[in-house]
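Asker: Okay, here's the structure, questions in a sec.
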Amino acid sequence: MTLESDDRSKDLAEAGARPPRLVRIGARIRRGLPRTALAALCGVLLALSFPSVGIWPLSLVAVAGLSLLTYGRTARQGAWTGLVFGLVFMLWLLLWIDVIGYDAWALLSVAEALFLTAMGAGLAVVSRLRFWPLWTACLWVAQEWARDRVPLGGFPWGRLAFANTSSPFTPLAALGGAPLVSFAVALCGALLAAAVLALRTREGRERSGRLGLACVAGAAVAGVVGYAVPLPTAGTTAGGPAYAQIGVVQGNVPHAGMDFLGRPMQVLDNHVAATFDLMNKVDAGKLPQPQLVIWPENSSDVNPYNTPAAYDAISQAAGRTGVPMLVGALVDGPDAQHVMNEGIVWDPKTGPGAHYTKQHPVPFGEYVPFRSILMKYITRLQRVARDFYPGDKTGILQVGPAKIGDVICFEVAYDGIVHDAVAKGGRVLVVQTNNATYEHTDQPDQQFAMSRLRAVEHGRAVVIAATSGISAVIAPDGSVVQRTQLATQAELDVKVPLRDGLTLADRVGAGPEWALSFVGLGAVAFAAWTRRRRSSGTPGTPA
């Protein structure tokens, strides 16, 4: 809008006439630009708190900023602020999806931002209640609770907990899982926002000062209480040996991107060669003899059950180690339209045995929802020739002396799958993954951070085997014992603690997340109800 239109609006107002609709809209947009720009800035700050930049304190600043921008606003204004915040945040955080296509990146970012839009409206509504920082933190959990589950099984990327996998908040995962970490981060940020609001109030300076200091003290407590949570590091013997010597093989791929496989059996040959290298170092006395060896997801790029050359290659590698191996492979599904993504226990003498089938295939990456309709319009989906068939059992496998809880790739982001892998007997968590498609992006670092949180949450060592990185061994307290670099052939050989005890988070499961989510949604409903009563002038309405 120009100065001429501003003058026109002013003249009309002075004359008592209502400005035209377009003039009113233009004036409203100009008034909202600073707030919109600040919302976008907060979205950038939250994205920067995640790996690979990983400046976790920025997550507190982002939450505080969004809380200030939605405080005292209408639900519609809060929704707009949440949309801008969420869209900028998700577009930055999920930039790695542009490997698949810019349209996929944009559509997923918009879909995820809609949850933050709804949260923004909720934050504005509950900001009028007493103790609003508490309801704000609950709404962050509610937003993540919904986004982790819908649509199509949900997409948990971008949870506040996953930006705080190596921060003072991290130990809280052992008490209430990732949701409790997100709650504490959001509560700390909201309390800082409340302190800013209290300290800038001109009326009742003494009272406002005390309130501001109380909010700062509350934020400090939320930030340091995690240090009081004891985290285990040693193994236990109740269910067998306290430690296992585990070898991890990272064979690498021909090149990164959508076509990472190269010619058939090339990825498998790389992992066989890396396994022989590992054992040559063992023979030379440079490394101890492993008791089991872990290969990553898709380490066999052809079905070993119906490809004799692949079967023989894996058997030779297992024979060279002399110990059971866990091999990742795609195998035929129950019909011609499906395949299964599996971790297979391969014995050096008897060959393939028990296996785990990935339970949560990735929509549009491993299966195509509404295939018959979408294939007509999006030809690129033809690259997913057959849908992945989901498994229905938890990945509890006995591999040599270790009873492992196996999860495959993106499954590490889903609370329930990892929880079951521990609660049903896994003494060490194994993450088989193939991030070669996203090798030169932030995705491997983001997924690696999730594994660090899972170690603390469940009090288990986490062994990550990746085709091209990042492979690693993480101690039960979340510290990194060893890790590899991206785009290299590498081997790890580490003494890993095996544990039997359950953390409080294991015992309570998803209970805290559901409770906090319902409290947040209940606060929105209560605020809306009281506002309606005030507007209708109902007697007895609280002031």
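In the structure tokens, chains take the letters A, B, ... in the order shown, each chain's residues start at 1, and ligands count up from 1 in the order shown.
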For the contact check between segment 128-211 of chain A and segment 225-236 of chain A, emit one row per residue of segment 128-211 of chain A within 10 Å, containing the shortest atom pair and the distance in Å rounded to one decimal, counting only C-alpha atoms, chain then rising number order, as CSV.
Answerer:
residue,atom,partner,partner_atom,distance
A:Ser167,CA,A:Gly226,CA,9.2
A:Pro168,CA,A:Gly226,CA,5.9
A:Phe169,CA,A:Gly226,CA,5.5
A:Thr170,CA,A:Gly226,CA,6.9
A:Pro171,CA,A:Gly226,CA,5.1
A:Leu172,CA,A:Gly226,CA,5.3
A:Ala173,CA,A:Gly226,CA,8.8
A:Ala174,CA,A:Val229,CA,7.8
A:Leu175,CA,A:Val229,CA,8.1
A:Val181,CA,A:Gly226,CA,9.3
A:Ala184,CA,A:Gly226,CA,9.5
Asker: Could you write out the selected residues, including all heavy atoms, as an mmCIF file, in the first residue's frame?
Answerer:
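Final output, saved to selection-v1.cif:
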data_model
loop_
_atom_site.group_PDB
_atom_site.id
_atom_site.type_symbol
_atom_site.label_atom_id
_atom_site.label_comp_id
_atom_site.auth_asym_id
_atom_site.auth_seq_id
_atom_site.Cartn_x
_atom_site.Cartn_y
_atom_site.Cartn_z
ATOM 1 N N SER A 167 21.854 -31.931 26.524
ATOM 2 C CA SER A 167 21.641 -30.681 27.250
ATOM 3 C C SER A 167 21.268 -31.007 28.685
ATOM 4 O O SER A 167 21.072 -32.179 29.032
ATOM 5 C CB SER A 167 20.519 -29.870 26.577
ATOM 6 O OG SER A 167 19.243 -30.373 26.950
ATOM 7 N N PRO A 168 21.142 -30.008 29.565
ATOM 8 C CA PRO A 168 20.733 -30.293 30.944
ATOM 9 C C PRO A 168 19.348 -30.934 31.051
ATOM 10 O O PRO A 168 19.018 -31.528 32.082
ATOM 11 C CB PRO A 168 20.740 -28.903 31.602
ATOM 12 C CG PRO A 168 21.695 -28.105 30.789
ATOM 13 C CD PRO A 168 21.530 -28.590 29.396
ATOM 14 N N PHE A 169 18.534 -30.824 30.007
ATOM 15 C CA PHE A 169 17.203 -31.420 30.033
ATOM 16 C C PHE A 169 17.215 -32.912 29.714
ATOM 17 O O PHE A 169 16.257 -33.626 30.011
ATOM 18 C CB PHE A 169 16.286 -30.711 29.030
ATOM 19 C CG PHE A 169 16.076 -29.259 29.306
ATOM 20 C CD1 PHE A 169 16.826 -28.292 28.655
ATOM 21 C CD2 PHE A 169 15.121 -28.838 30.221
ATOM 22 C CE1 PHE A 169 16.632 -26.946 28.905
ATOM 23 C CE2 PHE A 169 14.919 -27.494 30.480
ATOM 24 C CZ PHE A 169 15.681 -26.546 29.825
ATOM 25 N N THR A 170 18.274 -33.402 29.077
ATOM 26 C CA THR A 170 18.305 -34.768 28.561
ATOM 27 C C THR A 170 18.019 -35.835 29.615
ATOM 28 O O THR A 170 17.256 -36.773 29.344
ATOM 29 C CB THR A 170 19.667 -35.049 27.889
ATOM 30 O OG1 THR A 170 19.956 -34.006 26.954
ATOM 31 C CG2 THR A 170 19.650 -36.382 27.175
ATOM 32 N N PRO A 171 18.585 -35.777 30.832
ATOM 33 C CA PRO A 171 18.331 -36.849 31.798
ATOM 34 C C PRO A 171 16.859 -37.044 32.154
ATOM 35 O O PRO A 171 16.475 -38.126 32.619
ATOM 36 C CB PRO A 171 19.140 -36.408 33.029
ATOM 37 C CG PRO A 171 20.225 -35.535 32.480
ATOM 38 C CD PRO A 171 19.588 -34.816 31.350
ATOM 39 N N LEU A 172 16.029 -36.034 31.935
ATOM 40 C CA LEU A 172 14.611 -36.177 32.235
ATOM 41 C C LEU A 172 13.954 -37.256 31.383
ATOM 42 O O LEU A 172 12.885 -37.763 31.734
ATOM 43 C CB LEU A 172 13.887 -34.847 32.035
ATOM 44 C CG LEU A 172 14.304 -33.712 32.978
ATOM 45 C CD1 LEU A 172 13.620 -32.412 32.570
ATOM 46 C CD2 LEU A 172 13.957 -34.069 34.418
ATOM 47 N N ALA A 173 14.602 -37.614 30.274
ATOM 48 C CA ALA A 173 14.055 -38.679 29.433
ATOM 49 C C ALA A 173 13.948 -39.987 30.187
ATOM 50 O O ALA A 173 13.073 -40.814 29.906
ATOM 51 C CB ALA A 173 14.927 -38.858 28.188
ATOM 52 N N ALA A 174 14.834 -40.217 31.160
ATOM 53 C CA ALA A 174 14.787 -41.455 31.935
ATOM 54 C C ALA A 174 13.565 -41.514 32.848
ATOM 55 O O ALA A 174 13.186 -42.590 33.320
ATOM 56 C CB ALA A 174 16.062 -41.604 32.769
ATOM 57 N N LEU A 175 12.942 -40.366 33.100
ATOM 58 C CA LEU A 175 11.763 -40.317 33.977
ATOM 59 C C LEU A 175 10.458 -40.366 33.194
ATOM 60 O O LEU A 175 9.517 -41.050 33.597
ATOM 61 C CB LEU A 175 11.794 -39.052 34.832
ATOM 62 C CG LEU A 175 13.018 -38.852 35.736
ATOM 63 C CD1 LEU A 175 12.873 -37.570 36.530
ATOM 64 C CD2 LEU A 175 13.198 -40.054 36.663
ATOM 65 N N VAL A 181 10.936 -34.383 28.331
ATOM 66 C CA VAL A 181 11.995 -33.449 27.932
ATOM 67 C C VAL A 181 11.382 -32.265 27.186
ATOM 68 O O VAL A 181 11.701 -31.099 27.458
ATOM 69 C CB VAL A 181 13.048 -34.161 27.065
ATOM 70 C CG1 VAL A 181 14.106 -33.165 26.583
ATOM 71 C CG2 VAL A 181 13.711 -35.297 27.843
ATOM 72 N N ALA A 184 9.636 -29.954 29.669
ATOM 73 C CA ALA A 184 10.544 -29.144 30.478
ATOM 74 C C ALA A 184 11.142 -28.002 29.661
ATOM 75 O O ALA A 184 11.265 -26.872 30.153
ATOM 76 C CB ALA A 184 11.655 -30.024 31.053
#
Asker: Where does segment 113-179 of chain A meet segment 193-196 of chain A within 10 Å, residue by residue, with the nearest atom pair and distance in Å to one decimal for each, counting only C-alpha atoms, listed by chain and rising number, as a Markdown table?
Answerer:
| residue | atom | partner | partner_atom | distance |
| --- | --- | --- | --- | --- |
| A:Ser127 | CA | A:Ala194 | CA | 9.9 |
| A:Phe131 | CA | A:Ala194 | CA | 9.5 |
| A:Trp132 | CA | A:Ala194 | CA | 8.6 |
| A:Pro133 | CA | A:Ala194 | CA | 7.1 |
Asker: Tell me which protein, DNA and RNA residues are within 7 Å of Pro296 of chain A, counting only C-alpha atoms, leaving out same-chain ones fewer than 3 positions away, and put them as a list in words.
Answerer: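 The residues satisfying every condition are Ser299, Val327, Gly328, Gln432, Thr433, Asn434, Ala465, Ala466 and Thr467 of chain A.
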Asker: What gap, in Å, lies between atom CA of Leu453 of chain A and atom CA of Val412 of chain A?
Answerer: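 That distance, rounded to one decimal, is 9.9 Å.
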Asker: Do a neighbour search on Arg499 of chain A at 10 Å with only C-alpha atoms, toss out local chain neighbours closer than 4 positions, and write the hits as a list in words.
Answerer: Pro232, Thr233, Ala234, Gly235, Thr236, Thr237, Ala238, Gly239, Gly240, Pro241, Ala242, Tyr243, Ala402, Lys403, Val422, Gly425, Gly426, Arg427, Val428, His458, Gly459, Arg460, Ala461 and Pro476 of chain A
Asker: Export, as a short mmCIF file (atom, residue, chain, number, x, y, z; two decimals), in the first residue's frame, the selected residues with all heavy atoms.
Answerer:
data_model
loop_
_atom_site.label_atom_id
_atom_site.label_comp_id
_atom_site.auth_asym_id
_atom_site.auth_seq_id
_atom_site.Cartn_x
_atom_site.Cartn_y
_atom_site.Cartn_z
N PRO A 232 22.56 -44.72 34.42
CA PRO A 232 23.43 -45.89 34.52
C PRO A 232 24.48 -45.91 33.41
O PRO A 232 24.29 -45.33 32.35
CB PRO A 232 22.46 -47.05 34.37
CG PRO A 232 21.38 -46.50 33.48
CD PRO A 232 21.25 -45.04 33.86
N THR A 233 25.56 -46.60 33.67
CA THR A 233 26.58 -46.80 32.64
C THR A 233 27.02 -48.25 32.54
O THR A 233 27.36 -48.73 31.47
CB THR A 233 27.82 -45.93 32.92
OG1 THR A 233 28.30 -46.21 34.25
CG2 THR A 233 27.49 -44.45 32.81
N ALA A 234 27.02 -48.99 33.66
CA ALA A 234 27.53 -50.36 33.68
C ALA A 234 26.45 -51.36 33.27
O ALA A 234 25.25 -51.08 33.32
CB ALA A 234 28.06 -50.70 35.07
N GLY A 235 26.88 -52.55 32.87
CA GLY A 235 25.96 -53.61 32.56
C GLY A 235 25.46 -54.30 33.81
O GLY A 235 25.95 -54.05 34.92
N THR A 236 24.47 -55.17 33.64
CA THR A 236 23.94 -55.96 34.76
C THR A 236 23.93 -57.42 34.36
O THR A 236 23.98 -57.77 33.18
CB THR A 236 22.52 -55.51 35.13
OG1 THR A 236 21.67 -55.60 33.98
CG2 THR A 236 22.51 -54.08 35.62
N THR A 237 23.83 -58.29 35.34
CA THR A 237 23.98 -59.73 35.08
C THR A 237 22.72 -60.54 35.29
O THR A 237 22.74 -61.75 35.15
CB THR A 237 25.08 -60.31 35.98
OG1 THR A 237 24.73 -60.08 37.35
CG2 THR A 237 26.42 -59.67 35.69
N ALA A 238 21.60 -59.90 35.61
CA ALA A 238 20.38 -60.65 35.93
C ALA A 238 19.91 -61.49 34.75
O ALA A 238 19.39 -62.59 34.92
CB ALA A 238 19.27 -59.69 36.35
N GLY A 239 20.09 -61.01 33.54
CA GLY A 239 19.60 -61.75 32.37
C GLY A 239 20.71 -62.36 31.55
O GLY A 239 20.49 -62.74 30.39
N GLY A 240 21.92 -62.48 32.09
CA GLY A 240 23.02 -63.04 31.32
C GLY A 240 24.28 -62.24 31.53
O GLY A 240 24.42 -61.55 32.54
N PRO A 241 25.21 -62.31 30.58
CA PRO A 241 26.48 -61.59 30.74
C PRO A 241 26.27 -60.09 30.81
O PRO A 241 25.30 -59.55 30.26
CB PRO A 241 27.27 -61.98 29.48
CG PRO A 241 26.23 -62.41 28.50
CD PRO A 241 25.14 -63.03 29.29
N ALA A 242 27.18 -59.41 31.51
CA ALA A 242 27.05 -57.97 31.69
C ALA A 242 27.56 -57.18 30.50
O ALA A 242 27.20 -56.01 30.34
CB ALA A 242 27.80 -57.54 32.95
N TYR A 243 28.38 -57.79 29.67
CA TYR A 243 28.95 -57.09 28.52
C TYR A 243 29.01 -58.02 27.32
O TYR A 243 29.04 -59.26 27.47
CB TYR A 243 30.36 -56.56 28.83
CG TYR A 243 30.38 -55.47 29.87
CD1 TYR A 243 30.47 -55.79 31.23
CD2 TYR A 243 30.30 -54.13 29.52
CE1 TYR A 243 30.48 -54.79 32.19
CE2 TYR A 243 30.31 -53.13 30.47
CZ TYR A 243 30.40 -53.46 31.81
OH TYR A 243 30.40 -52.49 32.77
N ALA A 402 24.03 -61.72 23.23
CA ALA A 402 23.25 -60.50 23.48
C ALA A 402 21.82 -60.67 22.98
O ALA A 402 21.60 -61.01 21.81
CB ALA A 402 23.90 -59.30 22.81
N LYS A 403 20.87 -60.40 23.87
CA LYS A 403 19.47 -60.27 23.44
C LYS A 403 19.25 -58.81 23.07
O LYS A 403 19.26 -57.94 23.93
CB LYS A 403 18.51 -60.70 24.55
CG LYS A 403 17.04 -60.58 24.16
CD LYS A 403 16.11 -60.97 25.29
CE LYS A 403 16.09 -62.48 25.48
NZ LYS A 403 15.03 -62.86 26.46
N VAL A 422 12.63 -52.49 24.42
CA VAL A 422 13.28 -52.59 25.73
C VAL A 422 12.39 -53.33 26.71
O VAL A 422 12.82 -54.25 27.41
CB VAL A 422 13.63 -51.19 26.26
CG1 VAL A 422 14.12 -51.27 27.71
CG2 VAL A 422 14.71 -50.54 25.39
N GLY A 425 12.40 -57.10 26.61
CA GLY A 425 13.58 -57.89 26.89
C GLY A 425 14.88 -57.50 26.23
O GLY A 425 15.91 -58.12 26.49
N GLY A 426 14.88 -56.48 25.37
CA GLY A 426 16.12 -56.08 24.73
C GLY A 426 17.12 -55.52 25.73
O GLY A 426 16.81 -54.57 26.45
N ARG A 427 18.32 -56.10 25.79
CA ARG A 427 19.33 -55.66 26.75
C ARG A 427 20.26 -54.62 26.15
O ARG A 427 21.03 -53.97 26.85
CB ARG A 427 20.14 -56.86 27.24
CG ARG A 427 19.27 -57.98 27.86
CD ARG A 427 20.13 -59.06 28.48
NE ARG A 427 20.84 -58.55 29.64
CZ ARG A 427 22.03 -58.99 30.04
NH1 ARG A 427 22.67 -59.92 29.34
NH2 ARG A 427 22.60 -58.48 31.12
N VAL A 428 20.21 -54.47 24.84
CA VAL A 428 20.94 -53.42 24.13
C VAL A 428 20.09 -53.07 22.92
O VAL A 428 19.45 -53.93 22.31
CB VAL A 428 22.35 -53.89 23.71
CG1 VAL A 428 22.30 -55.14 22.86
CG2 VAL A 428 23.10 -52.78 22.98
N HIS A 458 15.98 -45.11 27.99
CA HIS A 458 15.78 -46.51 28.32
C HIS A 458 16.93 -47.14 29.09
O HIS A 458 16.88 -48.33 29.42
CB HIS A 458 15.52 -47.31 27.03
CG HIS A 458 14.33 -46.81 26.27
ND1 HIS A 458 13.04 -46.97 26.71
CD2 HIS A 458 14.24 -46.12 25.11
CE1 HIS A 458 12.20 -46.43 25.85
NE2 HIS A 458 12.90 -45.90 24.87
N GLY A 459 17.96 -46.35 29.39
CA GLY A 459 19.08 -46.89 30.15
C GLY A 459 19.77 -48.03 29.43
O GLY A 459 20.21 -49.00 30.05
N ARG A 460 19.87 -47.93 28.11
CA ARG A 460 20.47 -48.98 27.30
C ARG A 460 21.58 -48.41 26.42
O ARG A 460 21.47 -47.27 25.94
CB ARG A 460 19.43 -49.63 26.37
CG ARG A 460 18.33 -50.42 27.05
CD ARG A 460 18.90 -51.69 27.69
NE ARG A 460 17.84 -52.56 28.20
CZ ARG A 460 17.27 -52.46 29.38
NH1 ARG A 460 17.63 -51.48 30.20
NH2 ARG A 460 16.34 -53.32 29.77
N ALA A 461 22.62 -49.19 26.20
CA ALA A 461 23.56 -48.83 25.15
C ALA A 461 22.85 -48.93 23.81
O ALA A 461 21.95 -49.76 23.63
CB ALA A 461 24.77 -49.76 25.18
N PRO A 476 24.80 -46.05 27.88
CA PRO A 476 23.46 -45.83 28.45
C PRO A 476 23.23 -44.43 29.00
O PRO A 476 22.08 -44.04 29.19
CB PRO A 476 23.39 -46.88 29.57
CG PRO A 476 24.33 -47.95 29.15
CD PRO A 476 25.45 -47.25 28.45
#
Asker: Set the distance at 9 Å and use only C-alpha atoms: which residues neighbour Leu69 of chain A once local chain neighbours fewer than 5 positions away are removed? I'd like the list as an MDAnalysis selection string.
Answerer: chainID A and resid 35:36 38:39 64 78 81 124
Asker: Next, dump the selected residues to file, keeping only N, CA, C and O atoms, as a compact mmCIF listing (two decimals), in the first residue's frame.
Answerer:
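The file below, again.txt, is the result:
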# COMPACT_ATOMS: atom_id res chain seq x y z
N ARG A 35 5.30 -8.47 13.69
CA ARG A 35 5.04 -9.69 14.43
C ARG A 35 5.28 -10.93 13.56
O ARG A 35 5.82 -11.93 14.01
N THR A 36 4.88 -10.84 12.30
CA THR A 36 5.10 -11.95 11.37
C THR A 36 6.58 -12.21 11.16
O THR A 36 7.04 -13.35 11.15
N LEU A 38 8.98 -11.51 13.23
CA LEU A 38 9.54 -12.09 14.46
C LEU A 38 9.17 -13.57 14.59
O LEU A 38 9.97 -14.37 15.07
N ALA A 39 7.96 -13.92 14.16
CA ALA A 39 7.56 -15.34 14.18
C ALA A 39 8.45 -16.15 13.26
O ALA A 39 8.88 -17.27 13.61
N ALA A 64 10.24 -19.15 23.98
CA ALA A 64 9.94 -17.89 24.65
C ALA A 64 9.41 -16.85 23.66
O ALA A 64 8.44 -16.13 23.94
N GLY A 78 -3.14 -15.85 16.85
CA GLY A 78 -2.21 -16.88 17.29
C GLY A 78 -1.99 -17.94 16.24
O GLY A 78 -0.88 -18.44 16.05
N THR A 81 0.37 -16.56 13.59
CA THR A 81 1.74 -16.55 14.12
C THR A 81 2.30 -17.97 14.15
O THR A 81 3.46 -18.19 13.78
N ALA A 124 -2.47 -18.67 22.24
CA ALA A 124 -3.12 -17.38 22.43
C ALA A 124 -4.30 -17.49 23.39
O ALA A 124 -4.51 -16.62 24.23
Asker: Would you compute the distance between atom CA of Tyr71 of chain A and atom CA of Phe518 of chain A? Give it in Å to one decimal.
Answerer: 21.0 Å
Asker: Which residues are close to segment 84-86 of chain A, i.e. within 8 Å by only C-alpha atoms, leaving aside same-chain residues fewer than 5 positions away? Reply as an NGL selection string.
Answerer: :A and (36 or 39-43 or 66 or 112-114 or 116-117)
Asker: Counting only C-alpha atoms, which of A:Leu45, A:Val216, A:Ala62, A:Met325 gets nearest to Val248 of chain A?
Answerer: A:Met325
Asker: How many Å lie between atom CA of Ala423 of chain A and atom CA of Val339 of chain A, rounded to one decimal?
Answerer: 27.9 Å
Asker: From a DSSP pass on the backbone, collect the residues of segment 154-362 of chain A flagged as alpha helix (DSSP H) and hand them back as a PDB file with C-alpha atoms, in the first residue's frame.
Answerer:
ATOM      1  CA  ALA A 173      14.055 -38.679  29.433  1.00  0.00           C
ATOM      2  CA  ALA A 174      14.787 -41.455  31.935  1.00  0.00           C
ATOM      3  CA  LEU A 175      11.763 -40.317  33.977  1.00  0.00           C
ATOM      4  CA  GLY A 176       9.136 -39.548  31.364  1.00  0.00           C
ATOM      5  CA  GLY A 177      10.661 -40.156  27.963  1.00  0.00           C
ATOM      6  CA  ALA A 178      10.955 -37.644  25.142  1.00  0.00           C
ATOM      7  CA  PRO A 179       7.593 -36.003  26.059  1.00  0.00           C
ATOM      8  CA  LEU A 180       8.886 -34.985  29.498  1.00  0.00           C
ATOM      9  CA  VAL A 181      11.995 -33.449  27.932  1.00  0.00           C
ATOM     10  CA  SER A 182       9.821 -31.460  25.505  1.00  0.00           C
ATOM     11  CA  PHE A 183       7.600 -30.372  28.398  1.00  0.00           C
ATOM     12  CA  ALA A 184      10.544 -29.144  30.478  1.00  0.00           C
ATOM     13  CA  VAL A 185      12.061 -27.230  27.554  1.00  0.00           C
ATOM     14  CA  ALA A 186       8.723 -25.609  26.709  1.00  0.00           C
ATOM     15  CA  LEU A 187       8.039 -24.775  30.359  1.00  0.00           C
ATOM     16  CA  CYS A 188      11.458 -23.153  30.743  1.00  0.00           C
ATOM     17  CA  GLY A 189      10.958 -21.082  27.589  1.00  0.00           C
ATOM     18  CA  ALA A 190       7.434 -20.035  28.584  1.00  0.00           C
ATOM     19  CA  LEU A 191       8.605 -19.014  32.070  1.00  0.00           C
ATOM     20  CA  LEU A 192      11.308 -16.849  30.529  1.00  0.00           C
ATOM     21  CA  ALA A 193       8.624 -15.191  28.408  1.00  0.00           C
ATOM     22  CA  ALA A 194       6.510 -14.644  31.524  1.00  0.00           C
ATOM     23  CA  ALA A 195       9.502 -13.044  33.231  1.00  0.00           C
ATOM     24  CA  VAL A 196       9.922 -10.620  30.325  1.00  0.00           C
ATOM     25  CA  LEU A 197       6.239  -9.684  30.490  1.00  0.00           C
ATOM     26  CA  ALA A 198       6.353  -9.193  34.260  1.00  0.00           C
ATOM     27  CA  LEU A 199       9.510  -7.098  34.272  1.00  0.00           C
ATOM     28  CA  ARG A 205       6.792  -2.507  39.813  1.00  0.00           C
ATOM     29  CA  GLU A 206       7.617  -4.240  43.082  1.00  0.00           C
ATOM     30  CA  ARG A 207       5.054  -6.978  42.567  1.00  0.00           C
ATOM     31  CA  SER A 208       6.021  -7.359  38.915  1.00  0.00           C
ATOM     32  CA  GLY A 209       9.670  -7.612  39.900  1.00  0.00           C
ATOM     33  CA  ARG A 210       8.940 -10.373  42.354  1.00  0.00           C
ATOM     34  CA  LEU A 211       6.841 -12.200  39.770  1.00  0.00           C
ATOM     35  CA  GLY A 212       9.568 -11.839  37.151  1.00  0.00           C
ATOM     36  CA  LEU A 213      12.212 -13.178  39.496  1.00  0.00           C
ATOM     37  CA  ALA A 214       9.941 -16.085  40.424  1.00  0.00           C
ATOM     38  CA  CYS A 215       9.530 -16.947  36.735  1.00  0.00           C
ATOM     39  CA  VAL A 216      13.279 -16.804  36.176  1.00  0.00           C
ATOM     40  CA  ALA A 217      13.813 -19.035  39.223  1.00  0.00           C
ATOM     41  CA  GLY A 218      11.224 -21.486  37.917  1.00  0.00           C
ATOM     42  CA  ALA A 219      12.927 -21.576  34.523  1.00  0.00           C
ATOM     43  CA  ALA A 220      16.275 -22.217  36.214  1.00  0.00           C
ATOM     44  CA  VAL A 221      14.828 -25.094  38.228  1.00  0.00           C
ATOM     45  CA  ALA A 222      13.290 -26.619  35.096  1.00  0.00           C
ATOM     46  CA  GLY A 223      16.680 -26.338  33.428  1.00  0.00           C
ATOM     47  CA  VAL A 224      18.820 -27.949  36.129  1.00  0.00           C
ATOM     48  CA  GLN A 266      27.871 -53.855  -4.909  1.00  0.00           C
ATOM     49  CA  VAL A 267      26.672 -52.713  -1.472  1.00  0.00           C
ATOM     50  CA  LEU A 268      26.736 -56.318  -0.236  1.00  0.00           C
ATOM     51  CA  ASP A 269      30.262 -56.817  -1.556  1.00  0.00           C
ATOM     52  CA  ASN A 270      31.341 -53.643   0.271  1.00  0.00           C
ATOM     53  CA  HIS A 271      30.054 -55.029   3.571  1.00  0.00           C
ATOM     54  CA  VAL A 272      31.676 -58.391   3.006  1.00  0.00           C
ATOM     55  CA  ALA A 273      34.994 -56.645   2.306  1.00  0.00           C
ATOM     56  CA  ALA A 274      34.649 -54.454   5.407  1.00  0.00           C
ATOM     57  CA  THR A 275      33.897 -57.548   7.506  1.00  0.00           C
ATOM     58  CA  PHE A 276      37.065 -59.219   6.260  1.00  0.00           C
ATOM     59  CA  ASP A 277      38.986 -56.030   7.086  1.00  0.00           C
ATOM     60  CA  LEU A 278      37.573 -56.133  10.609  1.00  0.00           C
ATOM     61  CA  MET A 279      38.689 -59.719  11.089  1.00  0.00           C
ATOM     62  CA  ASN A 280      42.125 -59.029   9.611  1.00  0.00           C
ATOM     63  CA  LYS A 281      42.579 -56.397  12.337  1.00  0.00           C
ATOM     64  CA  VAL A 282      41.421 -58.946  14.916  1.00  0.00           C
ATOM     65  CA  ASP A 283      43.940 -61.483  13.627  1.00  0.00           C
ATOM     66  CA  PRO A 308      22.614 -67.848  -4.331  1.00  0.00           C
ATOM     67  CA  ALA A 309      25.556 -65.472  -4.826  1.00  0.00           C
ATOM     68  CA  ALA A 310      24.281 -63.197  -2.052  1.00  0.00           C
ATOM     69  CA  TYR A 311      23.578 -66.132   0.269  1.00  0.00           C
ATOM     70  CA  ASP A 312      27.106 -67.471  -0.267  1.00  0.00           C
ATOM     71  CA  ALA A 313      28.724 -64.034   0.221  1.00  0.00           C
ATOM     72  CA  ILE A 314      26.982 -63.480   3.560  1.00  0.00           C
ATOM     73  CA  SER A 315      27.787 -67.025   4.669  1.00  0.00           C
ATOM     74  CA  GLN A 316      31.455 -66.486   3.847  1.00  0.00           C
ATOM     75  CA  ALA A 317      31.500 -63.269   5.883  1.00  0.00           C
ATOM     76  CA  ALA A 318      29.780 -64.979   8.823  1.00  0.00           C
ATOM     77  CA  GLY A 319      32.209 -67.887   8.563  1.00  0.00           C
ATOM     78  CA  ARG A 320      35.126 -65.465   8.610  1.00  0.00           C
ATOM     79  CA  THR A 321      33.875 -63.867  11.852  1.00  0.00           C
TER      80      THR A 321
END
Asker: Please list as a PyMOL selection string every residue within 10 Å of Ala142 of chain A, counting only C-alpha atoms and excluding residues in the same chain fewer than 6 positions away.
Answerer: chain A and resi 115+119+136+148+179+183+513-521
Asker: Per residue of segment 99-202 of chain A within 10 Å of segment 363-376 of chain A, note the shortest atom pair and the distance in Å to one decimal, counting only C-alpha atoms, and order the rows by chain and increasing residue number, as a Markdown table.
Answerer:
| residue | atom | partner | partner_atom | distance |
| --- | --- | --- | --- | --- |
| A:Ile100 | CA | A:Gly365 | CA | 8.9 |
| A:Ala104 | CA | A:Phe364 | CA | 9.2 |
| A:Pro151 | CA | A:Pro363 | CA | 9.9 |
| A:Leu152 | CA | A:Pro363 | CA | 7.1 |
| A:Gly153 | CA | A:Pro363 | CA | 8.6 |
| A:Gly154 | CA | A:Pro363 | CA | 9.5 |
| A:Phe155 | CA | A:Pro363 | CA | 9.7 |
Asker: Extract the full set of strand (DSSP E or B) residues from segment 278-430 of chain A according to DSSP on the backbone, and format it as a ChimeraX atom specification.
Answerer: /A:292-294,300,325-332,338-347,351-357,363,367,387-388,396-399,402-408,428-430
Asker: Considering only C-alpha atoms, can you say which of A:Thr503, A:Ser166, A:Thr441, A:Ser52 comes closest to Glu457 of chain A?
Answerer: A:Thr503
Asker: Which residue, A:Val126, A:Val463, A:Val418, A:Ala118, has the smallest gap to Arg147 of chain A when you use only C-alpha atoms?
Answerer: A:Ala118
